[in-house]
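For reference, protein-v3.cif (mmCIF, C-alpha atoms):
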data_upload
loop_
_atom_site.label_atom_id
_atom_site.label_comp_id
_atom_site.auth_asym_id
_atom_site.auth_seq_id
_atom_site.Cartn_x
_atom_site.Cartn_y
_atom_site.Cartn_z
CA MET A 113 -14.48 -45.08 17.64
CA ASP A 114 -11.99 -44.26 14.89
CA PRO A 115 -13.40 -41.35 12.89
CA LEU A 116 -12.30 -43.11 9.75
CA ASP A 117 -14.85 -45.82 10.53
CA ALA A 118 -17.69 -43.35 10.72
CA GLY A 119 -20.12 -43.97 7.93
CA ALA A 120 -20.75 -41.39 5.27
CA GLY A 121 -24.31 -41.14 6.38
CA GLY A 122 -23.22 -40.12 9.86
CA ILE A 123 -21.16 -37.32 8.39
CA LEU A 124 -23.81 -36.08 5.98
CA ARG A 125 -26.81 -36.21 8.30
CA GLN A 126 -25.93 -33.20 10.41
CA PRO A 127 -27.95 -30.25 11.71
CA LYS A 128 -27.74 -26.93 9.90
CA ALA A 129 -25.74 -25.51 12.80
CA VAL A 130 -22.96 -28.02 12.16
CA TRP A 131 -22.85 -27.29 8.44
CA ALA A 132 -22.81 -23.56 9.10
CA THR A 133 -19.86 -23.88 11.49
CA ALA A 134 -18.01 -26.34 9.25
CA GLY A 135 -18.51 -24.11 6.22
CA ALA A 136 -17.15 -21.10 8.08
CA SER A 137 -14.23 -23.29 9.21
CA VAL A 138 -13.34 -24.05 5.59
CA VAL A 139 -13.13 -20.31 4.86
CA ALA A 140 -11.15 -19.69 8.05
CA PHE A 141 -8.52 -22.26 7.04
CA MET A 142 -8.54 -20.89 3.50
CA GLY A 143 -7.29 -17.62 4.96
CA ILE A 144 -3.96 -19.23 5.92
CA GLY A 145 -2.83 -20.00 2.37
CA LEU A 146 -4.96 -17.43 0.55
CA VAL A 147 -2.10 -15.00 -0.01
CA ASP A 148 0.38 -17.63 -1.23
CA PRO A 149 -0.17 -17.31 -5.00
CA ILE A 150 -0.44 -13.51 -4.87
CA LEU A 151 2.64 -12.71 -2.77
CA PRO A 152 4.67 -11.64 -5.84
CA SER A 153 1.68 -9.62 -7.10
CA ILE A 154 1.31 -7.87 -3.73
CA ALA A 155 5.03 -7.08 -3.71
CA GLN A 156 4.75 -5.59 -7.18
CA GLY A 157 1.51 -3.71 -6.49
CA LEU A 158 2.74 -2.15 -3.24
CA HIS A 159 6.39 -1.74 -4.33
CA ALA A 160 7.55 -3.97 -1.50
CA THR A 161 10.39 -6.47 -1.08
CA PRO A 162 9.76 -10.20 -0.48
CA SER A 163 10.80 -9.81 3.17
CA GLN A 164 8.29 -7.00 3.65
CA VAL A 165 5.46 -8.95 2.02
CA SER A 166 6.29 -12.06 4.05
CA LEU A 167 5.36 -10.06 7.14
CA LEU A 168 1.76 -10.83 6.14
CA PHE A 169 2.37 -14.27 7.63
CA THR A 170 4.51 -13.02 10.51
CA SER A 171 1.93 -10.54 11.82
CA TYR A 172 -0.90 -13.03 11.30
CA PHE A 173 0.70 -15.87 13.24
CA LEU A 174 2.36 -13.72 15.89
CA ILE A 175 -1.05 -12.42 16.91
CA THR A 176 -2.50 -15.92 16.57
CA ALA A 177 0.13 -17.28 18.98
CA VAL A 178 -0.53 -14.64 21.62
CA ALA A 179 -4.29 -14.97 21.15
CA MET A 180 -4.07 -18.64 22.11
CA LEU A 181 -3.74 -17.49 25.71
CA LEU A 182 -6.98 -15.52 25.36
CA THR A 183 -9.30 -17.87 23.49
CA GLY A 184 -10.07 -20.16 26.43
CA PHE A 185 -10.40 -17.17 28.73
CA VAL A 186 -12.95 -15.58 26.37
CA SER A 187 -14.98 -18.66 25.39
CA SER A 188 -15.29 -19.89 28.99
CA ARG A 189 -16.92 -16.57 29.88
CA ILE A 190 -19.11 -15.60 26.93
CA GLY A 191 -19.80 -19.05 25.45
CA GLY A 192 -18.93 -20.79 22.19
CA LYS A 193 -21.40 -19.08 19.87
CA LYS A 194 -20.48 -15.56 20.91
CA THR A 195 -16.78 -16.41 20.61
CA LEU A 196 -17.30 -17.73 17.09
CA LEU A 197 -19.23 -14.62 16.07
CA LEU A 198 -16.64 -12.32 17.64
CA GLY A 199 -13.87 -14.07 15.70
CA LEU A 200 -15.84 -13.93 12.45
CA ALA A 201 -16.57 -10.24 12.94
CA PHE A 202 -12.83 -9.51 13.32
CA VAL A 203 -12.05 -11.48 10.15
CA VAL A 204 -14.77 -9.73 8.13
CA VAL A 205 -13.61 -6.27 9.19
CA PHE A 206 -9.85 -6.79 8.87
CA ALA A 207 -9.94 -8.90 5.69
CA GLY A 208 -12.05 -6.18 4.08
CA LEU A 209 -9.68 -3.46 5.29
CA ALA A 210 -6.70 -5.46 3.98
CA GLY A 211 -8.12 -5.17 0.48
CA THR A 212 -8.09 -1.37 0.76
CA SER A 213 -4.45 -1.12 1.87
CA GLY A 214 -2.32 1.54 0.26
CA THR A 215 0.99 0.43 1.78
CA VAL A 216 2.49 -2.87 2.84
CA GLY A 217 2.56 -1.59 6.43
CA GLN A 218 -1.21 -1.13 6.43
CA LEU A 219 -1.69 -4.58 4.93
CA VAL A 220 0.52 -6.20 7.57
CA GLY A 221 -1.40 -4.43 10.33
CA PHE A 222 -4.81 -5.47 9.00
CA ARG A 223 -3.54 -9.03 8.60
CA ALA A 224 -2.66 -9.02 12.32
CA GLY A 225 -6.25 -8.14 13.22
CA TRP A 226 -7.36 -10.94 10.92
CA GLY A 227 -5.12 -13.33 12.86
CA LEU A 228 -6.82 -12.41 16.13
CA GLY A 229 -10.24 -13.15 14.66
CA ASN A 230 -9.08 -16.42 13.16
CA ALA A 231 -7.61 -17.56 16.49
CA LEU A 232 -10.89 -16.91 18.30
CA PHE A 233 -12.88 -18.73 15.64
CA VAL A 234 -10.68 -21.75 14.89
CA SER A 235 -9.90 -22.54 18.54
CA THR A 236 -13.64 -22.71 19.30
CA ALA A 237 -15.08 -24.24 16.13
CA LEU A 238 -14.28 -27.91 16.80
CA ALA A 239 -15.80 -27.99 20.28
CA VAL A 240 -18.92 -26.32 18.87
CA ILE A 241 -19.17 -28.80 15.99
CA VAL A 242 -18.79 -31.76 18.33
CA GLY A 243 -21.35 -30.34 20.74
CA ALA A 244 -23.94 -29.76 18.00
CA ALA A 245 -23.26 -32.79 15.79
CA ALA A 246 -25.47 -35.82 15.34
CA GLY A 247 -24.08 -39.35 15.19
CA GLY A 248 -21.35 -39.05 17.79
CA SER A 249 -18.04 -37.25 18.00
CA ALA A 250 -16.26 -39.43 15.41
CA ALA A 251 -18.34 -38.10 12.52
CA ALA A 252 -17.94 -34.54 13.81
CA ILE A 253 -14.16 -34.89 14.08
CA LEU A 254 -13.91 -36.21 10.53
CA LEU A 255 -16.09 -33.36 9.30
CA TYR A 256 -13.84 -30.81 11.04
CA GLU A 257 -10.64 -32.39 9.73
CA SER A 258 -12.15 -32.44 6.24
CA ALA A 259 -12.96 -28.74 6.59
CA LEU A 260 -9.35 -28.07 7.59
CA GLY A 261 -7.97 -29.99 4.62
CA LEU A 262 -10.46 -28.49 2.16
CA GLY A 263 -9.68 -24.99 3.39
CA MET A 264 -5.91 -25.46 3.15
CA ALA A 265 -6.32 -26.83 -0.39
CA CYS A 266 -8.81 -24.24 -1.68
CA GLY A 267 -7.22 -21.16 -0.12
CA PRO A 268 -4.40 -20.91 -2.68
CA LEU A 269 -6.84 -21.72 -5.49
CA LEU A 270 -9.22 -18.92 -4.49
CA GLY A 271 -6.27 -16.58 -4.07
CA ALA A 272 -5.09 -17.44 -7.59
CA VAL A 273 -8.48 -17.03 -9.29
CA LEU A 274 -9.33 -13.71 -7.64
CA GLY A 275 -5.74 -12.52 -7.47
CA ASN A 276 -5.31 -12.93 -11.20
CA VAL A 277 -7.66 -9.93 -11.56
CA SER A 278 -6.25 -7.92 -8.67
CA TRP A 279 -4.31 -8.80 -5.53
CA ARG A 280 -7.03 -6.99 -3.55
CA TYR A 281 -9.90 -9.27 -4.59
CA PRO A 282 -8.95 -12.32 -2.47
CA PHE A 283 -9.24 -10.18 0.67
CA PHE A 284 -12.64 -8.85 -0.33
CA GLY A 285 -13.73 -12.39 -1.26
CA THR A 286 -12.74 -13.74 2.15
CA ALA A 287 -14.57 -10.93 3.94
CA THR A 288 -17.72 -11.68 1.93
CA LEU A 289 -17.60 -15.44 2.60
CA MET A 290 -17.00 -14.92 6.31
CA ALA A 291 -19.89 -12.46 6.47
CA ILE A 292 -22.11 -15.19 5.03
CA GLY A 293 -20.72 -17.57 7.66
CA PHE A 294 -21.52 -15.02 10.36
CA LEU A 295 -25.16 -14.83 9.22
CA CYS A 296 -25.48 -18.63 8.99
CA ILE A 297 -24.08 -19.22 12.49
CA THR A 298 -26.30 -16.45 13.87
CA ALA A 299 -29.35 -18.09 12.33
CA PHE A 300 -28.68 -21.80 12.86
CA LEU A 301 -26.40 -22.27 15.88
CA LYS A 302 -27.93 -22.26 19.35
CA GLU A 303 -25.92 -20.88 22.26
CA GLN A 304 -23.53 -23.51 23.64
CA PRO A 305 -23.32 -24.25 27.38
CA LYS A 306 -20.43 -22.54 29.14
CA PRO A 307 -17.74 -24.69 30.80
CA ALA A 308 -18.18 -25.39 34.50
CA ARG A 309 -14.74 -23.88 35.19
CA LYS A 310 -13.50 -20.58 33.77
CA THR A 311 -10.08 -20.70 32.13
CA SER A 312 -7.30 -18.36 33.26
CA ILE A 313 -4.97 -16.65 30.80
CA LEU A 314 -2.02 -18.27 32.58
CA ASP A 315 -3.41 -21.83 32.52
CA PRO A 316 -1.87 -22.71 29.10
CA LEU A 317 1.55 -21.50 30.27
CA LYS A 318 1.28 -23.53 33.46
CA ALA A 319 0.40 -26.60 31.40
CA LEU A 320 3.74 -26.27 29.58
CA GLY A 321 5.44 -27.12 32.88
CA HIS A 322 4.71 -30.75 32.00
CA GLY A 323 7.81 -32.23 30.32
CA GLY A 324 5.92 -34.23 27.71
CA LEU A 325 3.76 -31.33 26.56
CA ALA A 326 6.76 -28.99 26.50
CA SER A 327 8.68 -31.54 24.40
CA ALA A 328 5.83 -31.86 21.91
CA ALA A 329 5.56 -28.08 21.68
CA ILE A 330 9.31 -27.56 21.15
CA SER A 331 9.49 -30.26 18.48
CA ALA A 332 6.43 -28.73 16.78
CA PHE A 333 8.12 -25.31 16.94
CA PHE A 334 11.04 -26.57 14.85
CA TYR A 335 8.69 -28.39 12.48
CA ASN A 336 6.48 -25.34 12.00
CA TYR A 337 9.51 -23.30 10.98
CA THR A 338 10.02 -25.77 8.13
CA PHE A 339 6.31 -25.87 7.29
CA PHE A 340 5.98 -22.11 6.95
CA THR A 341 9.23 -21.69 5.09
CA VAL A 342 7.59 -23.83 2.41
CA LEU A 343 4.28 -22.01 2.62
CA ALA A 344 5.52 -18.41 2.74
CA PHE A 345 8.85 -18.42 0.89
CA THR A 346 8.40 -20.96 -1.90
CA PRO A 347 6.08 -18.73 -4.02
CA PHE A 348 9.02 -16.36 -4.58
CA VAL A 349 11.24 -19.27 -5.60
CA LEU A 350 8.68 -20.71 -8.01
CA ASN A 351 8.10 -17.22 -9.50
CA MET A 352 4.97 -18.30 -11.35
CA THR A 353 1.72 -16.62 -12.34
CA PRO A 354 -1.04 -16.64 -9.69
CA TYR A 355 -2.89 -19.38 -11.60
CA ARG A 356 0.13 -21.68 -11.83
CA SER A 357 1.22 -21.02 -8.26
CA GLY A 358 -2.35 -21.57 -7.06
CA ALA A 359 -2.49 -24.90 -8.89
CA VAL A 360 0.77 -26.03 -7.25
CA PHE A 361 -0.45 -25.16 -3.77
CA PHE A 362 -3.88 -26.64 -4.46
CA ALA A 363 -2.19 -29.97 -5.22
CA TRP A 364 -0.08 -29.46 -2.08
CA GLY A 365 -3.25 -28.90 -0.04
CA VAL A 366 -4.96 -31.97 -1.46
CA LEU A 367 -2.03 -34.15 -0.38
CA LEU A 368 -2.06 -32.46 3.02
CA ALA A 369 -5.75 -33.25 3.46
CA VAL A 370 -5.52 -36.86 2.26
CA PHE A 371 -2.49 -37.72 4.37
CA SER A 372 -3.82 -35.93 7.44
CA VAL A 373 -7.29 -37.51 7.42
CA LEU A 374 -6.76 -40.90 5.75
CA VAL A 375 -3.10 -41.93 5.77
CA ALA A 376 -1.63 -40.72 9.07
CA PRO A 377 -4.06 -42.56 11.40
CA ARG A 378 -3.43 -45.85 9.60
CA MET A 379 0.33 -45.34 9.74
CA GLN A 380 0.14 -44.58 13.44
CA LYS A 381 -1.85 -47.73 14.05
CA ARG A 382 0.69 -49.86 12.22
CA PHE A 383 4.01 -48.29 13.25
CA GLY A 384 3.28 -46.11 16.29
CA SER A 385 3.07 -42.34 16.63
CA LEU A 386 6.69 -41.55 17.42
CA LYS A 387 8.20 -43.70 14.64
CA VAL A 388 5.82 -42.17 12.11
CA LEU A 389 6.55 -38.63 13.28
CA GLY A 390 10.33 -39.08 13.36
CA GLY A 391 10.39 -40.68 9.92
CA SER A 392 8.10 -38.07 8.41
CA LEU A 393 10.22 -35.21 9.76
CA VAL A 394 13.39 -36.72 8.28
CA LEU A 395 11.68 -37.18 4.90
CA LEU A 396 10.38 -33.60 5.05
CA ALA A 397 13.95 -32.39 5.67
CA ALA A 398 15.18 -34.25 2.59
CA ASP A 399 12.27 -32.93 0.55
CA VAL A 400 12.86 -29.24 1.34
CA LEU A 401 16.59 -29.66 0.71
CA VAL A 402 15.88 -30.92 -2.82
CA LEU A 403 13.27 -28.15 -3.18
CA GLY A 404 15.90 -25.54 -2.45
CA TYR A 405 18.80 -26.95 -4.46
CA GLY A 406 17.03 -28.68 -7.36
CA ASP A 407 15.89 -27.17 -10.65
CA HIS A 408 12.50 -25.52 -11.21
CA THR A 409 10.70 -28.80 -11.93
CA ALA A 410 12.15 -30.38 -8.80
CA ALA A 411 11.00 -27.36 -6.79
CA ILE A 412 7.42 -27.79 -8.04
CA VAL A 413 7.37 -31.54 -7.36
CA CYS A 414 8.91 -31.17 -3.90
CA THR A 415 6.54 -28.37 -2.95
CA ILE A 416 3.57 -30.57 -3.77
CA LEU A 417 5.13 -33.63 -2.11
CA SER A 418 5.79 -31.71 1.10
CA GLY A 419 2.01 -31.58 1.62
CA ALA A 420 2.02 -35.33 2.32
CA PHE A 421 4.64 -35.06 5.08
CA ILE A 422 3.02 -31.94 6.53
CA GLY A 423 -0.36 -33.69 6.65
CA VAL A 424 1.11 -36.65 8.56
CA ASN A 425 2.98 -34.39 10.96
CA ASN A 426 -0.06 -32.25 11.72
CA THR A 427 -2.13 -35.25 12.73
CA VAL A 428 0.53 -36.89 14.89
CA TYR A 429 1.48 -33.68 16.67
CA THR A 430 -2.18 -33.13 17.47
CA GLU A 431 -2.41 -36.55 19.10
CA LEU A 432 0.76 -35.98 21.12
CA ALA A 433 -0.17 -32.51 22.33
CA LEU A 434 -3.58 -33.59 23.57
CA GLY A 435 -2.67 -36.84 25.24
CA VAL A 436 0.77 -36.44 26.73
CA SER A 437 -0.21 -34.45 29.85
CA ASP A 438 -3.04 -34.54 32.38
CA ALA A 439 -4.01 -30.90 31.72
CA PRO A 440 -7.53 -30.28 30.37
CA ARG A 441 -7.41 -30.73 26.63
CA PRO A 442 -8.36 -27.16 25.66
CA VAL A 443 -5.69 -25.83 28.04
CA ALA A 444 -3.01 -28.22 26.73
CA SER A 445 -3.97 -27.31 23.16
CA ALA A 446 -3.66 -23.59 23.88
CA GLY A 447 -0.22 -23.99 25.47
CA TYR A 448 1.02 -26.16 22.62
CA ASN A 449 -0.28 -23.77 19.96
CA PHE A 450 1.14 -20.76 21.81
CA VAL A 451 4.66 -22.18 21.34
CA ARG A 452 4.40 -23.58 17.84
CA TRP A 453 2.74 -20.56 16.19
CA PHE A 454 5.74 -18.42 17.08
CA ALA A 455 7.72 -20.46 14.54
CA ALA A 456 4.99 -19.81 11.97
CA ALA A 457 5.58 -16.12 12.63
CA ALA A 458 9.38 -16.41 12.52
CA ALA A 459 9.88 -18.43 9.32
CA PRO A 460 8.22 -15.98 6.87
CA TYR A 461 10.37 -13.18 8.32
CA PHE A 462 13.73 -14.94 8.47
CA ALA A 463 13.60 -16.92 5.21
CA PRO A 464 13.73 -13.82 2.94
CA LYS A 465 16.27 -12.20 5.26
CA ILE A 466 18.51 -15.27 5.04
CA GLU A 467 18.23 -15.10 1.25
CA GLU A 468 19.30 -11.44 1.33
CA TRP A 469 22.30 -12.30 3.53
CA THR A 470 23.32 -15.42 1.55
CA ASP A 471 21.48 -16.82 -1.49
CA ILE A 472 18.11 -18.32 -2.40
CA HIS A 473 19.13 -21.88 -1.48
CA VAL A 474 20.19 -21.38 2.14
CA PRO A 475 16.67 -20.72 3.60
CA PHE A 476 15.73 -24.26 2.58
CA ALA A 477 18.90 -25.69 4.11
CA VAL A 478 17.93 -23.97 7.36
CA ALA A 479 14.40 -25.39 7.03
CA ALA A 480 15.84 -28.88 6.54
CA VAL A 481 17.90 -28.46 9.71
CA THR A 482 14.88 -27.35 11.75
CA ALA A 483 12.90 -30.38 10.57
CA LEU A 484 15.76 -32.60 11.70
CA LEU A 485 15.88 -30.79 15.04
CA GLY A 486 12.19 -31.58 15.47
CA ALA A 487 12.99 -35.25 14.88
CA VAL A 488 15.91 -35.09 17.34
CA VAL A 489 13.61 -33.72 20.07
CA VAL A 490 11.18 -36.59 19.42
CA GLY A 491 14.02 -39.10 19.73
CA VAL A 492 15.70 -37.59 22.78
CA ARG A 493 12.43 -36.97 24.62
CA ARG A 494 10.89 -40.25 23.56
CA ARG A 495 10.28 -41.42 27.11
CA ALA A 496 8.40 -38.24 28.04
CA LEU A 497 6.27 -38.54 24.89
CA THR A 498 5.66 -42.29 25.11
CA HIS A 499 3.10 -41.87 27.92
CA GLU A 500 0.62 -40.74 25.28
CA ALA A 501 1.85 -42.59 22.24
CA GLU A 502 2.61 -46.00 23.75
CA GLU A 503 3.17 -46.97 20.10
CA LEU A 504 -0.52 -47.91 19.90
CA ALA A 505 -3.30 -46.79 17.60
CA PRO A 506 -3.99 -43.06 17.80
CA ARG A 507 -6.86 -41.93 19.93
CA HIS A 508 -8.87 -38.76 20.17
CA ALA A 509 -8.61 -37.62 23.77
CA THR A 510 -11.81 -36.36 25.34
CA GLU A 511 -12.63 -33.95 28.11
CA ASP A 512 -16.12 -34.21 29.55
CA GLY A 513 -17.22 -36.11 26.46
CA VAL A 514 -16.06 -33.41 24.01
CA THR A 515 -13.06 -34.12 21.76
CA VAL A 516 -10.77 -31.16 21.20
CA PHE A 517 -7.91 -30.98 18.69
CA ALA A 518 -4.75 -28.96 18.87
CA ASP A 519 -5.02 -27.80 15.29
#
How does this structure look as structure tokens?
Amino acid sequence: MDPLDAGAGGILRQPKAVWATAGASVVAFMGIGLVDPILPSIAQGLHATPSQVSLLFTSYFLITAVAMLLTGFVSSRIGGKKTLLLGLAFVVVFAGLAGTSGTVGQLVGFRAGWGLGNALFVSTALAVIVGAAAGGSAAAILLYESALGLGMACGPLLGAVLGNVSWRYPFFGTATLMAIGFLCITAFLKEQPKPARKTSILDPLKALGHGGLASAAISAFFYNYTFFTVLAFTPFVLNMTPYRSGAVFFAWGVLLAVFSVLVAPRMQKRFGSLKVLGGSLVLLAADVLVLGYGDHTAAIVCTILSGAFIGVNNTVYTELALGVSDAPRPVASAGYNFVRWFAAAAAPYFAPKIEEWTDIHVPFAVAAVTALLGAVVVGVRRRALTHEAEELAPRHATEDGVTVFAD
């Protein structure tokens, strides 16, 4: 059943365990964009350059990428609940330590530990929600996607509100919220059954031997470079107060959520996954080019508008990654995420460097090119990707009755 057809009652009538996990998921996704509005403030407070501060994203996502090889290995041995709690514990500790940082190097290091915790939590949360939810997997999937969208939208807003007082407060706020999530999951979530087969660390890498999955991952790599150029570099271009920057990225996050949950599935059903993805990537390339070369108003509008294209792309890439190969869905997801998160680590590092070597416009020209490269991979490797897409309505692939997403 299409999750968009799930009734509101099915979503709302959920056990406390589901709400506890979904609530913690919102905070976990908030952590991705939390630092966006306060990047200039952090740079000023720690006497750091934009390229140094952007390492907050690089360290976070580099560790997240590597951790993707470990999450299945860990959860298949200690179970879903313990994996969630382990991830939350890492986030609480390292987010709290980040707020005490005296140098940008310390902050980057603590952010890396935060990334490890977030990888363990996020990669396990959906399977736990589906396993504990009432009313079928469709309602649980919609609840999880809503948590993702809400977190991406509210992260910059929370960062702006707390960061307007001090750049340290958003880190302390995240640690506090995740500690509450830890207590709620401890109290309300029962231990989940362990998988029948234990996952090897090398299984996700072996899954990338499939041409279709490798093509989806490579295309997503190029796309993610564009995505995180917008997320990590644009705040320096906008050069606004935390409140104003937070408002811009809140609007961006709202569009991301709406287009990911509501618009993308309908577009896929009407036009087919590959046409939607290719078209959205081309439009994203045009958008970031105008963002980089337009005036300040155009930069604000294009930043917000990019959320729509990013929301569509996230949904379609998820469908492709999970359905294109015959590997178990959690394994395929881990392999796919392992590749694409390296671009999320690279973009925040290279965008400021490219600005230092050239000017402030060129990083967005590079981001436009990478979006187009993602579209080229989709076009050239269309046959390998069509096995999943078949230009039909999107589906949520299942493994032993449990739906697992790549995001």
Worksheet item: Contacts of stretch 193-198 of chain A at 7 Å or less, counting all atoms listed in the file, minus same-chain residues fewer than 6 places along, as a list in words?
Response: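 Close residues of stretch 193-198 of chain A: Val186, Ser187, Leu232, Phe233, Thr236, Ala237, Phe294, Glu303 and Gln304 of chain A.
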Item to complete: Extract, using all atoms listed in the file, all DNA, RNA and protein residues at most 12 Å from A:Val342, discarding same-chain residues fewer than 3 positions from it, and format them as a PyMOL selection string.
Response: chain A and resi 145+148+166+335-339+345-350+361+364+396-397+399-401+403-404+411-412+414-419+421-422+456+459-460+463-464+475-480+483
Take the residues from that selection and write them out as a CSV table (one decimal), in the frame of the given file, keeping C-alpha atoms.
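Result written to out19.csv:
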chain,number,residue,atom,x,y,z
A,145,GLY,CA,-2.8,-20.0,2.4
A,148,ASP,CA,0.4,-17.6,-1.2
A,166,SER,CA,6.3,-12.1,4.0
A,335,TYR,CA,8.7,-28.4,12.5
A,336,ASN,CA,6.5,-25.3,12.0
A,337,TYR,CA,9.5,-23.3,11.0
A,338,THR,CA,10.0,-25.8,8.1
A,339,PHE,CA,6.3,-25.9,7.3
A,345,PHE,CA,8.8,-18.4,0.9
A,346,THR,CA,8.4,-21.0,-1.9
A,347,PRO,CA,6.1,-18.7,-4.0
A,348,PHE,CA,9.0,-16.4,-4.6
A,349,VAL,CA,11.2,-19.3,-5.6
A,350,LEU,CA,8.7,-20.7,-8.0
A,361,PHE,CA,-0.4,-25.2,-3.8
A,364,TRP,CA,-0.1,-29.5,-2.1
A,396,LEU,CA,10.4,-33.6,5.0
A,397,ALA,CA,14.0,-32.4,5.7
A,399,ASP,CA,12.3,-32.9,0.6
A,400,VAL,CA,12.9,-29.2,1.3
A,401,LEU,CA,16.6,-29.7,0.7
A,403,LEU,CA,13.3,-28.2,-3.2
A,404,GLY,CA,15.9,-25.5,-2.4
A,411,ALA,CA,11.0,-27.4,-6.8
A,412,ILE,CA,7.4,-27.8,-8.0
A,414,CYS,CA,8.9,-31.2,-3.9
A,415,THR,CA,6.5,-28.4,-3.0
A,416,ILE,CA,3.6,-30.6,-3.8
A,417,LEU,CA,5.1,-33.6,-2.1
A,418,SER,CA,5.8,-31.7,1.1
A,419,GLY,CA,2.0,-31.6,1.6
A,421,PHE,CA,4.6,-35.1,5.1
A,422,ILE,CA,3.0,-31.9,6.5
A,456,ALA,CA,5.0,-19.8,12.0
A,459,ALA,CA,9.9,-18.4,9.3
A,460,PRO,CA,8.2,-16.0,6.9
A,463,ALA,CA,13.6,-16.9,5.2
A,464,PRO,CA,13.7,-13.8,2.9
A,475,PRO,CA,16.7,-20.7,3.6
A,476,PHE,CA,15.7,-24.3,2.6
A,477,ALA,CA,18.9,-25.7,4.1
A,478,VAL,CA,17.9,-24.0,7.4
A,479,ALA,CA,14.4,-25.4,7.0
A,480,ALA,CA,15.8,-28.9,6.5
A,483,ALA,CA,12.9,-30.4,10.6
Discussion item. From the options A:His408, A:Gly135, A:His473, A:Val366, which residue's atoms come nearest to A:Cys296, counting all atoms listed in the file?
Written reply: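 Ranked by minimum distance to A:Cys296, first place goes to A:Gly135.
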Fill in: Closest of A:Gly365, A:Met290, A:Val178, A:Leu269 to A:Phe206 - atom-to-atom distances counting all atoms listed in the file
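Among the listed residues, the smallest separation from A:Phe206 belongs to A:Met290.
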Worksheet item: How would you write, as a count of residues only, the residues chosen by the PyMOL selection byres ((chain A and resi 317) around 9) on this structure?
Response: 15
Item to complete: Might you spell out which residues the PyMOL selection byres ((chain A and resi 423-432) around 9) would select in the displayed file, as number ranges by chain?
Response: A: 261, 324-325, 328-329, 331-332, 335, 365, 367-373, 375-377, 379-380, 385-386, 388-389, 392-393, 418-422, 433-437, 445, 497-498, 500-501, 506-509, 517-519
Now that the selection is made, can you save its residues with C-alpha atoms as an mmCIF file, in the frame of the given file?
data_model
loop_
_atom_site.group_PDB
_atom_site.id
_atom_site.type_symbol
_atom_site.label_atom_id
_atom_site.label_comp_id
_atom_site.auth_asym_id
_atom_site.auth_seq_id
_atom_site.Cartn_x
_atom_site.Cartn_y
_atom_site.Cartn_z
ATOM 1 C CA GLY A 261 -7.970 -29.990 4.620
ATOM 2 C CA GLY A 324 5.920 -34.230 27.710
ATOM 3 C CA LEU A 325 3.760 -31.330 26.560
ATOM 4 C CA ALA A 328 5.830 -31.860 21.910
ATOM 5 C CA ALA A 329 5.560 -28.080 21.680
ATOM 6 C CA SER A 331 9.490 -30.260 18.480
ATOM 7 C CA ALA A 332 6.430 -28.730 16.780
ATOM 8 C CA TYR A 335 8.690 -28.390 12.480
ATOM 9 C CA GLY A 365 -3.250 -28.900 -0.040
ATOM 10 C CA LEU A 367 -2.030 -34.150 -0.380
ATOM 11 C CA LEU A 368 -2.060 -32.460 3.020
ATOM 12 C CA ALA A 369 -5.750 -33.250 3.460
ATOM 13 C CA VAL A 370 -5.520 -36.860 2.260
ATOM 14 C CA PHE A 371 -2.490 -37.720 4.370
ATOM 15 C CA SER A 372 -3.820 -35.930 7.440
ATOM 16 C CA VAL A 373 -7.290 -37.510 7.420
ATOM 17 C CA VAL A 375 -3.100 -41.930 5.770
ATOM 18 C CA ALA A 376 -1.630 -40.720 9.070
ATOM 19 C CA PRO A 377 -4.060 -42.560 11.400
ATOM 20 C CA MET A 379 0.330 -45.340 9.740
ATOM 21 C CA GLN A 380 0.140 -44.580 13.440
ATOM 22 C CA SER A 385 3.070 -42.340 16.630
ATOM 23 C CA LEU A 386 6.690 -41.550 17.420
ATOM 24 C CA VAL A 388 5.820 -42.170 12.110
ATOM 25 C CA LEU A 389 6.550 -38.630 13.280
ATOM 26 C CA SER A 392 8.100 -38.070 8.410
ATOM 27 C CA LEU A 393 10.220 -35.210 9.760
ATOM 28 C CA SER A 418 5.790 -31.710 1.100
ATOM 29 C CA GLY A 419 2.010 -31.580 1.620
ATOM 30 C CA ALA A 420 2.020 -35.330 2.320
ATOM 31 C CA PHE A 421 4.640 -35.060 5.080
ATOM 32 C CA ILE A 422 3.020 -31.940 6.530
ATOM 33 C CA ALA A 433 -0.170 -32.510 22.330
ATOM 34 C CA LEU A 434 -3.580 -33.590 23.570
ATOM 35 C CA GLY A 435 -2.670 -36.840 25.240
ATOM 36 C CA VAL A 436 0.770 -36.440 26.730
ATOM 37 C CA SER A 437 -0.210 -34.450 29.850
ATOM 38 C CA SER A 445 -3.970 -27.310 23.160
ATOM 39 C CA LEU A 497 6.270 -38.540 24.890
ATOM 40 C CA THR A 498 5.660 -42.290 25.110
ATOM 41 C CA GLU A 500 0.620 -40.740 25.280
ATOM 42 C CA ALA A 501 1.850 -42.590 22.240
ATOM 43 C CA PRO A 506 -3.990 -43.060 17.800
ATOM 44 C CA ARG A 507 -6.860 -41.930 19.930
ATOM 45 C CA HIS A 508 -8.870 -38.760 20.170
ATOM 46 C CA ALA A 509 -8.610 -37.620 23.770
ATOM 47 C CA PHE A 517 -7.910 -30.980 18.690
ATOM 48 C CA ALA A 518 -4.750 -28.960 18.870
ATOM 49 C CA ASP A 519 -5.020 -27.800 15.290
#
Worksheet item: atom CA of A:Gly384 to atom CA of A:Arg495: how many Å, to one decimal?
Response: 13.7 Å
Worksheet item: What is the distance, in Å and to one decimal place, between atom CA of A:Arg382 and atom CA of A:Ala259?
Response: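 Separation of atom CA of A:Arg382 and atom CA of A:Ala259: 25.8 Å.
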